[in-house]
Amino acid sequence: MDELSKITRSRRVERQVRGLPTQDGDGVRLTRILTANEQQRLDPFLMIDLFGSDEPLDYIGGFPDHPHRGFETITYMLAGRMRHRDHLGNEGLLQAGDVQWMTAGRGIIHSEMPEQLEGLMRGFQIWLNLPSHLKMNTASYQDIRCTDIPRHVANSGMEVRIIAGSWAHHTGIIQRPHTLPLMLDVHLQPGNCIDIPVPAEHNALVIPYEGNALIEDVEVACAHMAILSQEGDGVRLLADRQPLKALMLAGQPLHEPIVQYGPFVMNTRAEIMQTMHDFRNGRLTS
Ligand code: MN
């Protein structure tokens, strides 16, 4: 166990959610692990997709030009190559281990297209809400190279990549006010155990993406999402018989109304109507 972060009582698995197979973009097959049903419970997280296939027809269509308003998207590539382009003139190539953090704010129009004709394409896309007073700010975008992401490697074989927030004495490159997201990629060997402190009011979840996780004696299956209870000062995560790779997320809830229409997430229906109007009239981003 890591000496640097200890908790006294782990949160429990309140519920496990199995991902929903679906398609998005131009026919990209993916698993929607966090759907609209859990947006209130897991505030400030709005959506989590896990895409992963070595069948080119499942991903080759990519996500051609499309808009967003009112929240942030975080793309974490596990395998493959994806190119981003947006109306601001930003362009970036995401490769295995890289992270793209995009704040849509009042509006962005972008494409996310595979830059490979074969082989495995795999990763997460997470939608993180913005508080109402930041939803209409100017869009921004940041690519973070794999090699720039702080990591903790222990002799036991445990590895933790700190993408956002902080853990032990490591501080991730991304810090956000209001939602205070913690985003860790945790790799454990059989028998390894890690403590991850989480503030009491924050919502937290764990998604194993290779192997199963053990949390307070409950086995969480691969590609399922464990919604963690609110009691406890963090979560204790174990790998049992197989190596484990898991994404761990926590954040401070905004407690604001959530109204989503496709790629737009605002606080009221009137704001969504205004967004549709702006989009149709070419004023989403201006
Ligand atoms: Mn997008």
# chains A, B, ... in the order shown; residues from 1 in each chain; ligands from 1
>>> select_by_dssp(residues="region 33-232 of chain A", states="helix (DSSP H, G or I)", output="MDAnalysis selection string")
chainID A and resid 36:38 56:58 132:134 146:148
>>> residues_around(residues="Glu216 (chain A)", least_positions_apart="4", cutoff="12 Å", atoms="only C-alpha atoms", output="MDAnalysis selection string")
chainID A and resid 9:14 193 195 220 226 228:229 232 234:240
>>> residues_near_ligand(ligand="ligand 1", cutoff="9 Å", atoms="only C-alpha atoms and all ligand atoms", output="NGL selection string")
:A and (25 or 63-68 or 73 or 102 or 108-112 or 125 or 263)
>>> residues_around(residues="region 169-181 of chain A", least_positions_apart="4", cutoff="7 Å", atoms="only C-alpha atoms", output="list in words")
Pro44, Ile149, Pro150, Ile162, Ile163, Ala164, Gly165, Ala250, Gly251, Gln252, Pro253 and Leu254 of chain A
>>> atom_distance(atom1="CA of Gln189 (chain A)", atom2="CA of Gly211 (chain A)")
10.1 Å
>>> closest_residue(among="A:Asp148, A:Pro243, A:Arg69, A:Cys222", to="Met276 (chain A)", atoms="only C-alpha atoms")
A:Arg69
>>> residues_around(residues="Ala246 (chain A)", least_positions_apart="5", cutoff="10 Å", atoms="only C-alpha atoms", output="PyMOL selection string")
chain A and resi 160+184-188+206-213+222-223+225+237+239
>>> residues_around(residues="His224 (chain A)", least_positions_apart="6", cutoff="8 Å", atoms="only C-alpha atoms", output="ChimeraX atom specification")
/A:16-19,33,207-208
>>> closest_residue(among="A:Leu50, A:Leu117, A:Ile7, A:Leu20", to="Asn37 (chain A)", atoms="only C-alpha atoms")
A:Leu20
>>> residues_around(residues="Gly107 (chain A)", least_positions_apart="5", cutoff="12 Å", atoms="only C-alpha atoms", output="ChimeraX atom specification")
/A:66-72,86-88,102,134-141,263-266,275-276,278-279,282-286
>>> select_by_dssp(residues="region 122-237 of chain A", states="strand (DSSP E or B)", output="ChimeraX atom specification")
/A:122-129,140-144,151-153,159-164,166-167,170-171,174,182-188,193-197,203-210,213-215,218-220,224-228,234-237
>>> atom_distance(atom1="CA of Val259 (chain A)", atom2="CA of Gln40 (chain A)")
10.8 Å
>>> residues_around(residues="Glu115 (chain A)", least_positions_apart="6", cutoff="9 Å", atoms="only C-alpha atoms", output="list in words")
Ile60, Gly80, Arg81, Met82, Arg83 and Leu93 of chain A
>>> decode(residues="region 19-34 of chain A", atoms="N, CA, C and O atoms", output="PDB file, in the first residue's frame")
ATOM      1  N   GLY A  19     -22.399  -0.618 -19.029  1.00  0.00           N
ATOM      2  CA  GLY A  19     -22.446   0.314 -20.148  1.00  0.00           C
ATOM      3  C   GLY A  19     -23.474  -0.094 -21.189  1.00  0.00           C
ATOM      4  O   GLY A  19     -23.846  -1.257 -21.312  1.00  0.00           O
ATOM      5  N   LEU A  20     -23.941   0.907 -21.930  1.00  0.00           N
ATOM      6  CA  LEU A  20     -24.950   0.697 -22.964  1.00  0.00           C
ATOM      7  C   LEU A  20     -24.282   0.783 -24.342  1.00  0.00           C
ATOM      8  O   LEU A  20     -23.768   1.834 -24.702  1.00  0.00           O
ATOM      9  N   PRO A  21     -24.295  -0.326 -25.099  1.00  0.00           N
ATOM     10  CA  PRO A  21     -23.690  -0.248 -26.440  1.00  0.00           C
ATOM     11  C   PRO A  21     -24.492   0.700 -27.316  1.00  0.00           C
ATOM     12  O   PRO A  21     -25.714   0.612 -27.357  1.00  0.00           O
ATOM     13  N   THR A  22     -23.819   1.615 -27.992  1.00  0.00           N
ATOM     14  CA  THR A  22     -24.533   2.565 -28.840  1.00  0.00           C
ATOM     15  C   THR A  22     -23.604   3.031 -29.956  1.00  0.00           C
ATOM     16  O   THR A  22     -22.480   2.535 -30.085  1.00  0.00           O
ATOM     17  N   GLN A  23     -24.100   3.955 -30.783  1.00  0.00           N
ATOM     18  CA  GLN A  23     -23.273   4.548 -31.833  1.00  0.00           C
ATOM     19  C   GLN A  23     -23.401   6.050 -31.753  1.00  0.00           C
ATOM     20  O   GLN A  23     -24.456   6.568 -31.396  1.00  0.00           O
ATOM     21  N   ASP A  24     -22.309   6.731 -32.112  1.00  0.00           N
ATOM     22  CA  ASP A  24     -22.353   8.185 -32.138  1.00  0.00           C
ATOM     23  C   ASP A  24     -21.429   8.645 -33.267  1.00  0.00           C
ATOM     24  O   ASP A  24     -20.716   7.839 -33.859  1.00  0.00           O
ATOM     25  N   GLY A  25     -21.438   9.972 -33.536  1.00  0.00           N
ATOM     26  CA  GLY A  25     -20.639  10.472 -34.653  1.00  0.00           C
ATOM     27  C   GLY A  25     -21.114   9.817 -35.941  1.00  0.00           C
ATOM     28  O   GLY A  25     -22.305   9.601 -36.144  1.00  0.00           O
ATOM     29  N   ASP A  26     -20.176   9.473 -36.818  1.00  0.00           N
ATOM     30  CA  ASP A  26     -20.517   8.822 -38.078  1.00  0.00           C
ATOM     31  C   ASP A  26     -20.390   7.306 -37.908  1.00  0.00           C
ATOM     32  O   ASP A  26     -19.493   6.677 -38.460  1.00  0.00           O
ATOM     33  N   GLY A  27     -21.259   6.750 -37.063  1.00  0.00           N
ATOM     34  CA  GLY A  27     -21.330   5.299 -36.904  1.00  0.00           C
ATOM     35  C   GLY A  27     -20.246   4.689 -36.033  1.00  0.00           C
ATOM     36  O   GLY A  27     -19.942   3.500 -36.160  1.00  0.00           O
ATOM     37  N   VAL A  28     -19.676   5.471 -35.140  1.00  0.00           N
ATOM     38  CA  VAL A  28     -18.653   4.924 -34.238  1.00  0.00           C
ATOM     39  C   VAL A  28     -19.347   4.108 -33.138  1.00  0.00           C
ATOM     40  O   VAL A  28     -20.244   4.612 -32.451  1.00  0.00           O
ATOM     41  N   ARG A  29     -18.944   2.857 -33.011  1.00  0.00           N
ATOM     42  CA  ARG A  29     -19.507   2.003 -31.964  1.00  0.00           C
ATOM     43  C   ARG A  29     -18.792   2.271 -30.654  1.00  0.00           C
ATOM     44  O   ARG A  29     -17.558   2.302 -30.613  1.00  0.00           O
ATOM     45  N   LEU A  30     -19.570   2.468 -29.632  1.00  0.00           N
ATOM     46  CA  LEU A  30     -18.969   2.738 -28.320  1.00  0.00           C
ATOM     47  C   LEU A  30     -19.903   2.248 -27.218  1.00  0.00           C
ATOM     48  O   LEU A  30     -21.043   1.868 -27.460  1.00  0.00           O
ATOM     49  N   THR A  31     -19.369   2.269 -26.000  1.00  0.00           N
ATOM     50  CA  THR A  31     -20.154   1.893 -24.831  1.00  0.00           C
ATOM     51  C   THR A  31     -20.370   3.134 -23.981  1.00  0.00           C
ATOM     52  O   THR A  31     -19.405   3.762 -23.541  1.00  0.00           O
ATOM     53  N   ARG A  32     -21.617   3.510 -23.820  1.00  0.00           N
ATOM     54  CA  ARG A  32     -21.940   4.685 -23.000  1.00  0.00           C
ATOM     55  C   ARG A  32     -22.101   4.205 -21.558  1.00  0.00           C
ATOM     56  O   ARG A  32     -23.072   3.537 -21.217  1.00  0.00           O
ATOM     57  N   ILE A  33     -21.112   4.536 -20.741  1.00  0.00           N
ATOM     58  CA  ILE A  33     -21.083   4.007 -19.374  1.00  0.00           C
ATOM     59  C   ILE A  33     -21.837   4.924 -18.419  1.00  0.00           C
ATOM     60  O   ILE A  33     -22.540   4.473 -17.534  1.00  0.00           O
ATOM     61  N   LEU A  34     -21.675   6.210 -18.622  1.00  0.00           N
ATOM     62  CA  LEU A  34     -22.486   7.160 -17.848  1.00  0.00           C
ATOM     63  C   LEU A  34     -23.495   7.764 -18.814  1.00  0.00           C
ATOM     64  O   LEU A  34     -23.126   8.470 -19.747  1.00  0.00           O
TER      65      LEU A  34
END
